[in-house]
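The structure under discussion appears below in the form of structure tokens.
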Amino acid sequence: MSVIYENEAIKIESEESEIPWLKIFTQHPYKEMSEVPADIKFDIYYLLDVIEKEMLAYYRPKKINIASFGNYLPHVHWHIMARFEEDSFFPEPMWGKKQREAKLNLPDFGTFYQNVVKAVKSA
């Protein structure tokens with residue numbers, strides 16, 4: 001994982017994967033979303049929207065998956081994943097049962113990360 005953007009309230013990390021997969025974390029380790037201050041919740045939902053739109057425009061995936069768990073890591077965070085019929089796990093979740101060997105030919109992840117950061121900073 002590497003941080004591609006952060007401010008005093010949140011950070012966006014990339015997850016090493018065959019698919020485009022970003023995660024939004026709160027900087028403070030809130031355990032539940034209900035503990036997060038309203039302004040930071042707004043920022044999170046805004047970033048979810050920005051990242052989803054950038055994934056759709058850049059990768060043209062079959063589906064975007066957005067999830068918030070925290071069973072292993074009790075710290076508020078969101079996963080945003082671009083899914084493709086040809087990825088190794090589709091239609092299962094990325095942490096599910098592997099369905100096949102991936103046959104993906106995707107545009108550069110680095111350019112996508114730059115697009116996300118540019119979109120976030122231009123708001």
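Residue numbering restarts at 1 in every chain; chains get A, B, ... in the order shown in the structure tokens, and ligands count up from 1 in that same order.
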
* To do: Would you mind listing what lies within 7 Å of stretch 22-34 of chain A as a ChimeraX atom specification, with only C-alpha atoms counted and same-chain residues fewer than 5 positions away left out?
  => /A:8-15,74-81

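Put simply, atom CA of A:Gly70 is 23.4 Å away from atom CA of A:Met55.
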
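If only C-alpha atoms are the atoms counted, then among A:Leu56, A:Val3, A:Ile40, A:Ala67 the closest residue to A:Trp95 is A:Ala67.
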
* Asked: Using the chain letters and numbers from this document, which residues of stretch 1-122 of chain A does DSSP assign to strand (DSSP E), as a VMD selection string?
  -> chain A and resid 2 to 6 10 to 14 21 to 26 63 to 67 77 to 83

Create the file for the chosen residues now, containing C-alpha atoms and written as a short mmCIF file (atom, residue, chain, number, x, y, z; two decimals), in the first residue's frame.
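The new file part_10.cif reads:
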data_model
loop_
_atom_site.label_atom_id
_atom_site.label_comp_id
_atom_site.auth_asym_id
_atom_site.auth_seq_id
_atom_site.Cartn_x
_atom_site.Cartn_y
_atom_site.Cartn_z
CA SER A 2 1.09 3.52 -0.66
CA VAL A 3 -0.49 6.84 0.21
CA ILE A 4 -1.48 8.80 -2.89
CA TYR A 5 -3.18 11.71 -1.09
CA GLU A 6 -3.71 12.90 2.47
CA ILE A 10 -8.23 11.52 5.66
CA LYS A 11 -5.78 9.64 3.47
CA ILE A 12 -6.19 7.70 0.24
CA GLU A 13 -4.07 4.60 -0.21
CA SER A 14 -3.61 2.28 -3.15
CA TRP A 21 -8.25 -0.58 -5.75
CA LEU A 22 -8.11 2.46 -3.50
CA LYS A 23 -8.90 2.83 0.18
CA ILE A 24 -9.97 5.90 2.12
CA PHE A 25 -8.93 6.02 5.79
CA THR A 26 -9.66 8.54 8.49
CA LYS A 63 -18.80 -2.60 -11.95
CA ILE A 64 -17.44 -0.51 -9.09
CA ASN A 65 -17.43 -2.17 -5.67
CA ILE A 66 -17.47 0.06 -2.59
CA ALA A 67 -17.24 -1.55 0.83
CA HIS A 77 -12.01 2.88 6.04
CA TRP A 78 -13.61 2.33 2.65
CA HIS A 79 -12.52 0.13 -0.26
CA ILE A 80 -13.22 1.30 -3.84
CA MET A 81 -12.51 -1.30 -6.53
CA ALA A 82 -12.96 -1.34 -10.29
CA ARG A 83 -14.18 -4.82 -11.27
#

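Atom CA of A:Asp87 is positioned 10.3 Å from atom CA of A:Pro61.
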
* To do: Pick out each residue of stretch 28-110 of chain A that DSSP on the backbone tags as alpha helix (DSSP H); I need them as a PyMOL selection string.
  => chain A and resi 38-59+109-110

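Atom to atom, atom CA of A:Lys103 and atom CA of A:Phe69 stand 28.0 Å apart.
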